[in-house]
Amino acid sequence: MSKNLFDMFGPVPSKLWKQKIQYELKGADYNENLIWESPEGIKVKPFYHIDEAKDTVKEANKQHPFLIGQDIYVRDIEKSIYRAKNTVARGAEAVRFTIPTPETNVKMLLADIDTSIPVYFYLQFYSIDFVKQLDAIAAGSGAVHYVLLDPIGQLAQEGNWHPGPDNFHVLDAIHKQCKHIHPLTVNGTIYQNAGANMVQQIAYTLAQANEYFNRGYGQKPLVLQVAVGANYFFEIAKLRALRLLYALIAKEYSLPEQCHILATPTRRNKTIYDYNVNMLRTTTECMSAILGGADTVFNLPYDALYHKSNEFADRIARNQLLILKSESYFDKVSNPADGAYYIEELTQQLAEKALSLFKEIEANGGFLKQLKEGTIQRKIQESATKEQELFDSGKEVLLGTNKYPNKNDRMAGDIELYPFVKANPRKTLIQPIIERRLAEKVEQERLENEQNTL
């Protein structure tokens with residue numbers, strides 16, 4: 001028997017496959033019936049073949065396994081210490097602390113955390129002295145600390161800069177005085193959660209990063225925070241394209257070409273009714289993040305929209321990632337998407353379209369200028385409106401919400417957190433980018449009906 005069992009079969013070129021498909025269609029138009037167009041303007045073919053394959057995206061490669069992250073809000077210092085130690089013991093490999101006040105005793109908070117565990121800090125304030133404390137701790141212990149400072153992201157999300165001193169003056173001081181931490185991030189989750197399409201998400205994240213590069217930041221790789229949606233293969237390609245273009249732009253500044261990607265499932269498609277479906281959504285979204293090359297993945301608990309943080313939901317969210325890593329072996333292969341013709345094609349097309357939009361933003365004065373003019377907000381709103389119309393018409397489906405809803409499902413008595421966009425009239429420098437879920441209107445109507453039937 002031949003060692004190469006299939007040598008007797010010759011290769012079948014893509015042309016012959018297309019002819020066979022056309023025959024099976026019995027006269028129906030190939031392009032109209034089998035090729036569909038994504039919101040980004042990418043035409044998706046029914047099959048991809050080596051004849052038309054793109055080269056592997058080498059620049060998108062990441063050579064180490066993903067880490068399982070755990071979010072902890074530091075309200076009570078002793079409870080937060082216990083929770084950090086407990087979650088690490090139960091599988092978390094990185095921790096992200098949300099720090100609400102500069103009075104937090106961060107030295108006490110970090111005392112019992114193994115220095116091999118990367119720690120991310122999201123600060124709800126702006127303080128050079130606090131960041132210097134983190135830098136001193138990292139210098140003395142050799143720990144890896146990421147401080148997720150993003151003043152432009154703050155402006156985009158809230159409509160105002162951080163209160164206090166000039167934001168870039170603070171960043172200048174931190175970059176000069178703090179040498180042992182990674183002090184800067186770009187929070188690209190805003191764009192996905194607000195309804196931007198994938199090309200916009202990539203381009204806006206990179207254009208925001210470029211604002212920092214232009215100001216002399218970026219000597220240490222930036223942390224790019226991204227939200228991952230439900231379009232499985234596109235989301236894999238999105239992260240790969242993001243890494244590819246980051247390397248391309250950083251190279252122009254002679255900066256490190258590797259970025260550090262934090263990924264989390266999007267909130268845009270999550271629901272409060274039939275909430276267990278959220279676990280299915282977050283599982284596939286975490287899979288996309290891992291296969292796309294995220295460095296650390298922070299899962300979103302299934303009840304995060306309406307429940308306060310709780311042990312059960314956190315454990316389920318962490319265990320989803322543990323199953324992907326320890327039972328499904330997602331950490332055993334470097335860059336598993338390499339060579340998949342479909343994903344390579346999507347990566348190239350998303351990268352090309354995003355680079356074109358990035359160049360357009362730069363040609364019109366840069367990201368900050370277009371943000372202040374309202375151009376970025378308007379473009380995101382246009383994309384969000386199109387997606388909302390698809391959802392409202394039933395063409396975009398959220399099971400349990402706009403298709404196959406459980407009419408007996410009751411949520412009014414179970415809501416601890418307000419799950420909708422909050423009206424917060426205030427004076428702002430610019431129009432903020434509003435993050436809004438697709439199901440909000442439907443859910444508000446159902447909750448109102450519940451109240452009326454009591």
# chains A, B, ... in the order shown; residues from 1 in each chain; ligands from 1
>>> closest_atom_pairs(of="segment 332-354 of chain A", to="segment 284-306 of chain A", cutoff="10 Å", atoms="only C-alpha atoms", output="tab-separated table")
residue	atom	partner	partner_atom	distance
A:Val333	CA	A:Leu291	CA	9.5
A:Ser334	CA	A:Gly293	CA	8.8
A:Asn335	CA	A:Leu291	CA	6.8
A:Pro336	CA	A:Leu291	CA	6.4
A:Ala337	CA	A:Leu291	CA	6.4
A:Asp338	CA	A:Leu291	CA	9.7
A:Ile343	CA	A:Gly292	CA	9.7
A:Thr347	CA	A:Gly292	CA	10.0
>>> select_by_dssp(residues="segment 73-299 of chain A", states="helix (DSSP H, G or I)", output="MDAnalysis selection string")
chainID A and resid 77:89 106:110 128:141 151:158 167:177 189:194 198:214 232:252 277:292
>>> atom_distance(atom1="atom CA of His145 of chain A", atom2="atom CA of Pro118 of chain A")
6.1 Å
>>> closest_residue(among="A:Ala94, A:Val131, A:Leu371, A:Ile137", to="Leu109 of chain A", atoms="only C-alpha atoms")
A:Ile137
>>> residues_around(residues="Glu396 of chain A", least_positions_apart="3", cutoff="12 Å", atoms="only C-alpha atoms", output="ChimeraX atom specification")
/A:230-231,269,386-393,399,401-403,438-439
>>> atom_distance(atom1="atom CA of Glu362 of chain A", atom2="atom CA of Arg215 of chain A")
14.5 Å
